[in-house]
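Coordinates as given in coords-v8.cif (mmCIF, C-alpha atoms):
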data_final
#
loop_
_atom_site.label_atom_id
_atom_site.label_comp_id
_atom_site.auth_asym_id
_atom_site.auth_seq_id
_atom_site.Cartn_x
_atom_site.Cartn_y
_atom_site.Cartn_z
CA PRO A 1 -32.43 27.31 -6.63
CA GLY A 2 -34.66 29.88 -5.04
CA GLN A 3 -37.84 28.72 -6.81
CA GLY A 4 -40.97 27.68 -4.95
CA TYR A 5 -41.58 23.98 -4.40
CA PRO A 6 -45.02 22.63 -3.56
CA PRO A 7 -45.45 21.11 -0.11
CA GLY A 8 -44.57 17.45 0.08
CA GLU A 9 -42.29 17.42 -2.96
CA GLY A 10 -39.12 17.72 -0.94
CA TYR A 11 -36.13 19.89 -1.73
CA PRO A 12 -34.47 20.80 -5.02
CA PRO A 13 -31.25 18.95 -5.80
CA GLY A 14 -28.07 20.44 -4.40
CA PRO A 15 -25.50 19.84 -1.68
CA GLY A 16 -27.43 21.96 0.81
CA TYR A 17 -30.58 19.85 0.75
CA PRO A 18 -31.27 16.36 2.02
CA PRO A 19 -33.27 14.24 -0.43
CA GLY A 20 -37.02 14.18 0.10
CA PRO A 21 -39.13 16.09 2.62
CA PRO A 22 -37.78 17.22 6.00
CA ARG A 23 -37.00 14.41 8.38
CA GLY A 24 -36.42 14.42 12.11
CA PRO A 25 -38.50 15.51 15.09
CA GLY A 26 -42.21 16.07 14.62
CA LEU A 27 -41.95 19.85 14.79
CA ALA A 28 -39.48 19.98 11.90
CA VAL A 29 -41.77 17.83 9.78
CA ARG A 30 -44.77 19.99 10.72
CA LEU A 31 -43.04 23.24 9.75
CA GLY A 32 -41.67 21.77 6.53
CA GLU A 33 -39.10 23.65 4.48
CA ARG A 34 -39.45 26.78 6.60
CA ALA A 35 -37.86 24.94 9.52
CA VAL A 36 -34.62 24.28 7.68
CA ARG A 37 -34.11 27.29 5.44
CA ARG A 38 -34.57 31.03 5.55
CA PRO A 39 -36.88 32.54 2.93
CA GLU A 40 -35.17 34.41 0.12
CA PRO A 41 -36.07 38.04 -0.75
CA ARG A 42 -38.70 38.44 -3.46
CA LEU A 43 -40.07 41.74 -4.76
CA GLY A 44 -43.68 40.61 -5.12
CA ILE A 45 -43.77 39.02 -1.69
CA SER A 46 -42.21 42.07 -0.03
CA LEU A 47 -44.60 44.49 -1.73
CA ALA A 48 -47.57 42.33 -0.75
CA GLY A 49 -46.53 42.49 2.89
CA ALA A 50 -46.05 46.26 2.68
CA GLY A 51 -49.47 46.66 1.07
CA ILE A 52 -51.22 44.80 3.87
CA ALA A 53 -49.33 46.86 6.45
CA LEU A 54 -50.74 49.98 4.77
CA ALA A 55 -54.24 48.51 4.92
CA VAL A 56 -53.92 47.76 8.64
CA LEU A 57 -52.62 51.29 9.19
CA GLY A 58 -55.71 52.54 7.38
CA VAL A 59 -57.91 50.61 9.80
CA LEU A 60 -56.09 52.21 12.73
CA VAL A 61 -56.36 55.73 11.30
CA TRP A 62 -60.02 55.52 10.30
CA ALA A 63 -61.42 53.54 13.23
CA GLY A 64 -59.05 55.15 15.74
CA ASP A 65 -60.12 58.65 14.77
CA TYR A 66 -63.78 57.65 14.92
CA LEU A 67 -63.26 56.13 18.35
CA THR A 68 -61.32 58.96 19.97
CA SER A 69 -62.57 62.14 18.32
CA GLY A 70 -66.29 61.73 17.83
CA GLY A 71 -66.14 60.25 14.36
CA ARG A 72 -65.14 63.37 12.40
CA GLY A 73 -64.02 61.18 9.53
CA GLY A 74 -66.90 58.72 9.55
CA GLY A 75 -69.90 60.40 11.12
CA GLY A 76 -72.19 58.87 13.64
CA GLY A 77 -72.49 59.11 17.36
CA GLY A 78 -73.07 57.04 20.43
CA ASP A 79 -71.06 56.07 23.49
CA GLY A 80 -67.55 54.66 23.63
CA SER A 81 -68.73 51.05 23.41
CA SER A 82 -70.60 51.64 20.17
CA ARG A 83 -67.68 53.59 18.73
CA ARG A 84 -65.43 50.58 19.21
CA LEU A 85 -67.60 48.62 16.81
CA LEU A 86 -66.08 50.06 13.63
CA GLY A 87 -62.55 49.13 14.69
CA VAL A 88 -63.62 45.70 15.92
CA VAL A 89 -65.46 44.87 12.70
CA LEU A 90 -62.69 46.12 10.42
CA SER A 91 -60.05 44.27 12.44
CA LEU A 92 -62.07 41.06 12.36
CA VAL A 93 -62.39 41.36 8.60
CA VAL A 94 -58.62 41.84 8.27
CA VAL A 95 -57.81 38.84 10.49
CA ALA A 96 -60.40 36.53 8.93
CA ALA A 97 -59.49 37.53 5.38
CA GLY A 98 -55.83 37.01 6.22
CA TYR A 99 -56.28 33.45 7.42
CA VAL A 100 -58.56 32.56 4.51
CA LEU A 101 -56.10 34.01 2.01
CA ALA A 102 -53.13 32.24 3.60
CA LEU A 103 -55.04 28.96 3.62
CA ARG A 104 -56.07 29.19 -0.02
CA ALA A 105 -52.78 30.53 -1.42
CA ARG A 106 -50.08 28.45 0.23
CA ARG A 107 -47.19 30.31 -1.45
CA GLY A 108 -46.33 33.58 -3.10
CA PRO A 109 -47.48 37.19 -2.54
CA LEU A 110 -51.07 36.29 -1.65
CA ASN A 111 -49.92 33.91 1.06
CA THR A 112 -47.63 36.59 2.47
CA ALA A 113 -50.47 39.12 2.38
CA GLY A 114 -52.62 36.71 4.38
CA VAL A 115 -49.88 36.03 6.90
CA VAL A 116 -49.15 39.73 7.49
CA ALA A 117 -52.87 40.56 7.73
CA SER A 118 -53.48 37.90 10.38
CA ALA A 119 -50.30 38.81 12.26
CA LEU A 120 -50.94 42.56 12.44
CA GLY A 121 -54.71 42.34 12.69
CA VAL A 122 -54.81 40.38 15.96
CA PRO A 123 -53.27 43.05 18.26
CA VAL A 124 -55.30 45.77 16.53
CA LEU A 125 -58.47 43.75 17.17
CA ILE A 126 -57.60 43.23 20.85
CA GLY A 127 -56.81 46.92 21.21
CA PHE A 128 -60.25 47.95 19.94
CA LEU A 129 -62.03 45.24 21.95
CA THR A 130 -60.45 46.36 25.24
CA PHE A 131 -60.47 50.11 24.59
CA ASP A 132 -61.60 52.16 27.59
CA ALA A 133 -61.42 55.93 27.23
CA GLY A 134 -62.01 56.40 30.96
CA SER A 135 -58.99 54.38 32.03
CA ARG A 136 -56.41 56.18 34.17
CA GLY A 137 -53.68 54.16 32.52
CA LEU A 138 -53.41 52.90 28.98
CA PRO A 139 -56.71 53.14 27.08
CA PHE A 140 -56.51 49.42 26.26
CA SER A 141 -55.57 46.26 28.15
CA LEU A 142 -51.87 45.66 27.63
CA ASP A 143 -52.17 42.25 29.30
CA ALA A 144 -54.85 41.08 26.89
CA LEU A 145 -53.19 42.61 23.85
CA ALA A 146 -49.76 41.10 24.53
CA LEU A 147 -50.75 37.67 25.84
CA ILE A 148 -53.55 36.93 23.37
CA SER A 149 -51.42 38.15 20.48
CA VAL A 150 -48.48 35.95 21.51
CA ILE A 151 -50.76 32.91 21.84
CA ALA A 152 -52.37 33.60 18.46
CA TRP A 153 -48.99 34.11 16.78
CA LEU A 154 -47.51 30.92 18.22
CA ALA A 155 -50.60 28.94 17.24
CA SER A 156 -50.37 30.36 13.72
CA TYR A 157 -46.67 29.51 13.55
CA LEU A 158 -47.03 25.96 14.83
CA VAL A 159 -50.51 24.75 13.93
CA VAL A 160 -52.58 26.71 11.40
CA PRO A 161 -52.31 25.42 7.81
CA GLY A 162 -51.14 28.07 5.37
CA THR A 163 -49.45 30.17 8.05
CA ARG A 164 -47.43 27.40 9.70
CA GLY A 165 -43.70 28.03 9.76
CA HIS A 166 -43.80 31.71 8.79
CA ALA A 167 -41.10 33.34 10.88
CA VAL A 168 -42.94 36.66 11.18
CA TYR A 169 -45.20 35.12 13.83
CA LEU A 170 -42.29 33.83 15.90
CA GLY A 171 -40.43 37.11 15.57
CA LEU A 172 -43.43 39.17 16.68
CA ALA A 173 -44.05 36.81 19.60
CA ALA A 174 -40.43 37.08 20.75
CA ILE A 175 -40.36 40.88 20.54
CA THR A 176 -43.76 41.31 22.21
CA LEU A 177 -42.83 38.96 25.06
CA TRP A 178 -39.72 41.05 25.74
CA PHE A 179 -41.73 44.29 25.60
CA TYR A 180 -44.40 42.89 27.91
CA VAL A 181 -42.05 41.58 30.60
CA LEU A 182 -40.04 44.80 30.46
CA ASP A 183 -43.17 46.90 30.89
CA LYS A 184 -44.30 44.78 33.84
CA ALA A 185 -40.93 45.08 35.56
CA GLU A 186 -40.39 48.74 34.70
CA PRO A 187 -43.66 50.28 33.43
CA LYS A 188 -42.14 53.72 33.13
CA VAL A 189 -40.32 52.63 29.98
CA TYR A 190 -43.35 52.30 27.69
CA THR A 191 -46.56 52.93 29.63
CA ALA A 192 -45.41 56.19 31.21
CA GLY A 193 -43.99 57.39 27.92
CA PHE A 194 -47.33 56.71 26.23
CA LEU A 195 -49.20 58.54 28.97
CA GLN A 196 -46.86 61.51 28.90
CA PHE A 197 -47.19 61.80 25.13
CA PHE A 198 -50.99 61.61 25.11
CA GLY A 199 -51.78 62.86 28.61
CA GLY A 200 -49.90 66.14 28.61
CA SER A 201 -48.81 67.90 31.78
CA PHE A 202 -50.95 65.73 34.08
CA PHE A 203 -48.30 63.03 33.82
CA ALA A 204 -45.31 65.35 33.59
CA ASP A 205 -43.99 64.40 37.05
CA ILE A 206 -43.64 60.68 36.31
CA ARG A 207 -40.23 59.45 37.45
CA GLY A 208 -37.89 58.02 34.86
CA PRO A 209 -37.31 54.27 34.61
CA ASP A 210 -34.61 52.28 36.38
CA TRP A 211 -32.22 51.89 33.47
CA ASN A 212 -30.29 49.12 35.22
CA THR A 213 -33.43 46.99 35.25
CA VAL A 214 -34.12 47.83 31.62
CA ALA A 215 -30.57 46.89 30.67
CA LEU A 216 -30.50 43.60 32.58
CA LEU A 217 -33.88 42.39 31.31
CA SER A 218 -33.21 43.44 27.73
CA LEU A 219 -29.78 41.81 27.67
CA PHE A 220 -31.23 38.67 29.24
CA PHE A 221 -33.92 38.35 26.57
CA GLY A 222 -31.62 39.36 23.74
CA LEU A 223 -28.83 36.95 24.61
CA ALA A 224 -31.34 34.18 25.36
CA TYR A 225 -32.88 34.61 21.91
CA TYR A 226 -29.43 34.53 20.33
CA ALA A 227 -28.54 31.39 22.31
CA VAL A 228 -31.66 29.58 21.12
CA ALA A 229 -31.00 30.74 17.55
CA PHE A 230 -27.45 29.38 17.83
CA VAL A 231 -28.75 25.98 18.95
CA LEU A 232 -31.33 25.94 16.17
CA ASP A 233 -28.63 26.78 13.62
CA ARG A 234 -26.52 23.90 14.90
CA LEU A 235 -29.54 21.62 14.46
CA GLY A 236 -30.08 22.88 10.92
CA ARG A 237 -33.27 24.78 11.82
CA THR A 238 -32.27 28.15 10.39
CA GLY A 239 -35.84 29.30 9.69
CA PRO A 240 -36.98 29.87 13.29
CA GLY A 241 -33.44 30.93 14.19
CA ALA A 242 -33.77 33.92 11.86
CA ALA A 243 -36.87 35.16 13.68
CA LEU A 244 -35.18 34.88 17.07
CA ALA A 245 -32.08 36.66 15.75
CA VAL A 246 -34.25 39.69 14.96
CA GLY A 247 -35.68 39.76 18.47
CA GLY A 248 -32.21 39.14 19.86
CA PHE A 249 -30.75 42.11 18.03
CA LEU A 250 -33.48 44.54 19.14
CA ALA A 251 -33.38 43.45 22.78
CA THR A 252 -29.58 43.32 23.01
CA ALA A 253 -29.15 46.69 21.31
CA ALA A 254 -31.74 48.24 23.62
CA GLY A 255 -30.07 46.67 26.65
CA SER A 256 -26.68 48.02 25.60
CA ALA A 257 -28.14 51.50 25.16
CA ALA A 258 -29.86 51.34 28.56
CA ALA A 259 -26.65 50.17 30.23
CA ALA A 260 -24.84 53.21 28.84
CA VAL A 261 -26.94 55.48 31.08
CA ASN A 262 -25.18 54.37 34.27
CA LEU A 263 -22.06 52.50 33.12
CA PRO A 264 -18.75 54.38 32.92
CA PRO A 265 -17.88 55.02 29.26
CA ILE A 266 -14.87 52.68 29.28
CA ALA A 267 -16.94 49.84 30.75
CA GLU A 268 -19.65 50.47 28.15
CA GLY A 269 -17.04 50.41 25.39
CA VAL A 270 -15.57 47.13 26.62
CA MET A 271 -19.06 45.63 26.82
CA LEU A 272 -19.80 46.65 23.23
CA ILE A 273 -16.51 45.18 22.02
CA VAL A 274 -17.05 41.86 23.79
CA LEU A 275 -20.73 41.56 22.85
CA GLY A 276 -20.06 42.70 19.31
CA ALA A 277 -17.24 40.23 18.75
CA ILE A 278 -19.22 37.28 20.12
CA LEU A 279 -22.44 38.08 18.26
CA ALA A 280 -20.67 38.96 15.01
CA GLY A 281 -18.98 35.57 15.24
CA PHE A 282 -22.38 33.95 15.76
CA GLY A 283 -23.72 35.80 12.73
CA ALA A 284 -20.80 34.77 10.53
CA ARG A 285 -21.09 31.15 11.60
CA GLY A 286 -24.78 31.11 10.75
CA ALA A 287 -24.40 33.10 7.49
CA ARG A 288 -26.48 35.95 8.94
CA ARG A 289 -25.39 39.06 7.08
CA PHE A 290 -27.13 41.73 9.14
CA THR A 291 -26.11 40.20 12.47
CA THR A 292 -22.48 39.96 11.37
CA TRP A 293 -22.22 43.49 10.00
CA ALA A 294 -24.28 45.15 12.75
CA TRP A 295 -22.30 43.65 15.62
CA SER A 296 -18.99 44.20 13.84
CA ALA A 297 -20.05 47.85 13.79
CA GLY A 298 -20.76 47.41 17.51
CA VAL A 299 -17.11 46.48 18.04
CA ALA A 300 -16.04 49.65 16.24
CA LEU A 301 -18.52 51.70 18.28
CA GLY A 302 -17.07 50.30 21.49
CA VAL A 303 -13.60 51.42 20.41
CA VAL A 304 -14.96 54.89 19.62
CA VAL A 305 -16.56 55.15 23.08
CA ILE A 306 -13.32 54.21 24.83
CA ILE A 307 -11.17 56.54 22.74
CA GLY A 308 -13.67 59.36 23.18
CA LYS A 309 -13.37 59.05 26.94
CA LEU A 310 -9.59 58.71 27.03
CA ALA A 311 -8.94 61.51 24.54
CA ASP A 312 -11.01 63.93 26.64
CA GLN A 313 -11.87 66.41 23.85
CA ASN A 314 -8.38 66.25 22.33
CA SER A 315 -9.27 65.92 18.65
CA ALA A 316 -5.72 65.23 17.48
CA ALA A 317 -5.22 62.45 20.01
CA ALA A 318 -8.63 60.98 19.21
CA GLY A 319 -7.93 61.03 15.47
CA VAL A 320 -4.55 59.33 15.80
CA ALA A 321 -5.98 56.74 18.19
CA LEU A 322 -8.84 55.96 15.81
CA ILE A 323 -6.44 55.53 12.87
CA VAL A 324 -4.18 53.20 14.86
CA SER A 325 -7.14 51.27 16.28
CA GLY A 326 -8.62 50.83 12.82
CA ALA A 327 -5.33 49.48 11.47
CA VAL A 328 -4.99 47.11 14.42
CA LEU A 329 -8.54 45.86 13.86
CA VAL A 330 -7.78 45.16 10.19
CA VAL A 331 -4.67 43.16 11.12
CA LEU A 332 -6.61 41.28 13.79
CA ALA A 333 -9.39 40.52 11.28
CA HIS A 334 -6.85 39.11 8.82
CA PHE A 335 -5.34 36.95 11.56
CA LEU A 336 -8.74 35.67 12.71
CA ALA A 337 -9.79 34.80 9.16
CA GLY A 338 -6.72 32.61 8.88
CA VAL A 339 -7.14 30.97 12.27
CA LEU A 340 -10.83 30.26 11.62
CA HIS A 341 -10.14 29.13 8.03
CA GLU A 342 -12.83 31.46 6.74
CA PRO A 343 -13.38 31.21 2.98
CA ASP A 344 -13.76 34.22 0.73
CA ASP A 345 -17.13 35.98 0.95
CA LEU A 346 -18.06 34.73 -2.54
CA VAL A 347 -17.51 31.10 -1.54
CA PRO A 348 -20.72 29.66 -0.04
CA SER A 349 -20.27 28.48 3.52
CA ALA A 350 -21.90 25.34 4.86
CA ALA A 351 -24.48 27.42 6.73
CA SER A 352 -25.47 29.49 3.70
CA VAL A 353 -25.69 26.40 1.50
CA ALA A 354 -27.91 24.66 4.02
CA SER A 355 -30.12 27.73 4.30
CA VAL A 356 -30.59 28.99 0.76
CA GLY A 357 -29.32 26.36 -1.63
CA ASP A 358 -26.11 25.52 -3.39
CA GLY A 359 -25.05 29.13 -3.96
CA ARG A 360 -25.36 29.04 -7.75
CA LEU A 361 -27.29 31.68 -9.63
CA PRO A 362 -30.50 30.39 -11.22
#

Please re-express this file's structure in structure tokens.
Amino acid sequence: PGQGYPPGEGYPPGPGYPPGPPRGPGLAVRLGERAVRRPEPRLGISLAGAGIALAVLGVLVWAGDYLTSGGRGGGGGGDGSSRRLLGVVLSLVVVAAGYVLALRARRGPLNTAGVVASALGVPVLIGFLTFDAGSRGLPFSLDALALISVIAWLASYLVVPGTRGHAVYLGLAAITLWFYVLDKAEPKVYTAGFLQFFGGSFFADIRGPDWNTVALLSLFFGLAYYAVAFVLDRLGRTGPGAALAVGGFLATAAGSAAAAVNLPPIAEGVMLIVLGAILAGFGARGARRFTTWAWSAGVALGVVVIIGKLADQNSAAAGVALIVSGAVLVVLAHFLAGVLHEPDDLVPSAASVASVGDGRLP
């Protein structure tokens, strides 16, 4: 278990795998193994992705400095259009090399390097192509950057050989779509912050965002992503579900934080407890470790918020209440484990077996 298997040779033997290649709707067949299982952590693959991220950062630093500061690091001159050329060319090289590498090396660190290069290179390329130093707003087209990137990522995820099925594309598309809609509805969240940071006192009087709008939109996207991931898990498509769970966590956590600005503390605490319990249950059902632990911590955070409000700076009362609440939560957890017939954490669940194999060490 856990070893690579060439495309078309089906799954390794084990109770978590159906015999032969993926069967079912056309999309599942197209995405192959990545539709029905989450990738396992590998040192070489992770380091390859990190290395490409460093390379893309290098493109941003070098070409960005040349574009915005007269080319101190690279020399040369010319107007803004000509200065974009370095960033455009370097970004094109990164994207093209990424797709070629992913196409030629279908598995392993080189494939991951190609996937990450193509995924990160596209928005960098669009940013340099649309850069306009004279713009009163953002110096690049957010519409073009977000929409073209999302289209390119979805095409790479669904269609392009070598990159098809890699969850990083779907995760980036989900997160960017949330960011984009949020910025359109409440531009003061990201755009104004960017302008204030780079524009100095000229933008100092920009009004803050409507945090209720931020909270509602973020919670809508976050919970929608979680709902789709839940359905995909039920259908045995845990690969794309993992990508949506990442977007779901970021959006839901941001929405909860934004809601805290205007909600009374007790209401915020209750919301965290309810959301945390539901989403931790979703994570446990789908064998998603981070989701389960993070939202279980959200339940505890909700209790802390409520006790902090009720104790009203009385440290002794707060301490006793936290101790009692912790004990009650432990008893409740023991009761729930029995009611739900949860096995021990070293016993593979059906979801984990279906996702990563039969649970045995290689």

Using the chain letters and numbers from the file, which residues does the PyMOL selection byres ((chain A and resi 93) around 12) grab, as an mmCIF file with C-alpha atoms, in the coordinates of the input?
data_model
loop_
_atom_site.group_PDB
_atom_site.id
_atom_site.type_symbol
_atom_site.label_atom_id
_atom_site.label_comp_id
_atom_site.auth_asym_id
_atom_site.auth_seq_id
_atom_site.Cartn_x
_atom_site.Cartn_y
_atom_site.Cartn_z
ATOM 1 C CA ALA A 55 -54.240 48.510 4.920
ATOM 2 C CA VAL A 56 -53.920 47.760 8.640
ATOM 3 C CA VAL A 59 -57.910 50.610 9.800
ATOM 4 C CA LEU A 86 -66.080 50.060 13.630
ATOM 5 C CA GLY A 87 -62.550 49.130 14.690
ATOM 6 C CA VAL A 88 -63.620 45.700 15.920
ATOM 7 C CA VAL A 89 -65.460 44.870 12.700
ATOM 8 C CA LEU A 90 -62.690 46.120 10.420
ATOM 9 C CA SER A 91 -60.050 44.270 12.440
ATOM 10 C CA LEU A 92 -62.070 41.060 12.360
ATOM 11 C CA VAL A 94 -58.620 41.840 8.270
ATOM 12 C CA VAL A 95 -57.810 38.840 10.490
ATOM 13 C CA ALA A 96 -60.400 36.530 8.930
ATOM 14 C CA ALA A 97 -59.490 37.530 5.380
ATOM 15 C CA GLY A 98 -55.830 37.010 6.220
ATOM 16 C CA TYR A 99 -56.280 33.450 7.420
ATOM 17 C CA VAL A 100 -58.560 32.560 4.510
ATOM 18 C CA LEU A 101 -56.100 34.010 2.010
ATOM 19 C CA GLY A 114 -52.620 36.710 4.380
ATOM 20 C CA ALA A 117 -52.870 40.560 7.730
ATOM 21 C CA SER A 118 -53.480 37.900 10.380
ATOM 22 C CA GLY A 121 -54.710 42.340 12.690
ATOM 23 C CA VAL A 122 -54.810 40.380 15.960
ATOM 24 C CA VAL A 124 -55.300 45.770 16.530
ATOM 25 C CA LEU A 125 -58.470 43.750 17.170
#

Inset, instruction - Name all residues at most 7 Å from segment 278-287 of chain A (count all atoms listed in the file; drop same-chain ones fewer than 3 positions away) and give them as a list in words. - result: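 Counting only the stated atoms, we get Asp233, Val274, Leu275, Thr291, Thr292, Trp293, Trp295, Ser296, Ala351 and Ser352 of chain A.
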
Expected file: the selected residues, C-alpha atoms, as a compact mmCIF listing (two decimals), in the coordinates of the input:
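selection.txt, written as the output of this step:
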# COMPACT_ATOMS: atom_id res chain seq x y z
CA ASP A 233 -28.63 26.78 13.62
CA VAL A 274 -17.05 41.86 23.79
CA LEU A 275 -20.73 41.56 22.85
CA THR A 291 -26.11 40.20 12.47
CA THR A 292 -22.48 39.96 11.37
CA TRP A 293 -22.22 43.49 10.00
CA TRP A 295 -22.30 43.65 15.62
CA SER A 296 -18.99 44.20 13.84
CA ALA A 351 -24.48 27.42 6.73
CA SER A 352 -25.47 29.49 3.70

Legend entry - Shortest interatomic distance to Leu43 of chain A - which of A:Pro343, A:Gly58, A:Gly108, A:Asp143, counting all atoms listed in the file: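 Nearest to Leu43 of chain A: A:Gly108.
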
Legend entry - For Ala215 of chain A: contacts at 10 Å, all atoms listed in the file, fewer than 5 positions along chain excluded, given as a PyMOL selection string: chain A and resi 182+210+220+251-262

Inset, instruction - Quick one: apply the PyMOL selection byres ((chain A and resi 301-316) around 6) to the file and drop the selected residues here as a ChimeraX atom specification. - result: /A:266,269,272-273,298-300,317-319

Legend entry - Hits of the PyMOL selection byres ((chain A and resi 111) around 12) in this structure, as number ranges by chain: A: 44-46, 48-49, 52, 97-110, 112-118, 161-164, 166

Legend entry - Given all atoms listed in the file as the counted atoms, nearest of A:Gly64, A:Gly32, A:Pro123, A:Gly338 to Ile148 of chain A: A:Pro123

Legend entry - Pick from A:Met271, A:Leu340, A:Ala229, A:Val36, whichever lies nearest to Ala243 of chain A using only C-alpha atoms: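 Using only C-alpha atoms, the shortest distance to Ala243 of chain A belongs to A:Ala229.
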
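The interatomic distance for the pair atom CA of Arg136 of chain A and atom CA of Asp65 of chain A works out to 19.9 Å.
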
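Atom CA of Lys188 of chain A is found 5.1 Å from atom CA of Pro209 of chain A.
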
Legend entry - d(atom CA of Ser149 of chain A, atom CA of Leu57 of chain A) in Å: 17.4 Å

Inset, instruction - Counting all atoms listed in the file, figure out which residue out of A:Ala35, A:Leu216, A:Ala152, A:Ala144 gets nearest to Ala242 of chain A. - result: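 Closest candidate: A:Ala35.
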
Legend entry - Ref. answer, residues at most 10 Å from (-48.4, 27.0, 16.9) with only C-alpha atoms, as a ChimeraX atom specification: /A:27,31,151-160,163-165,169-170
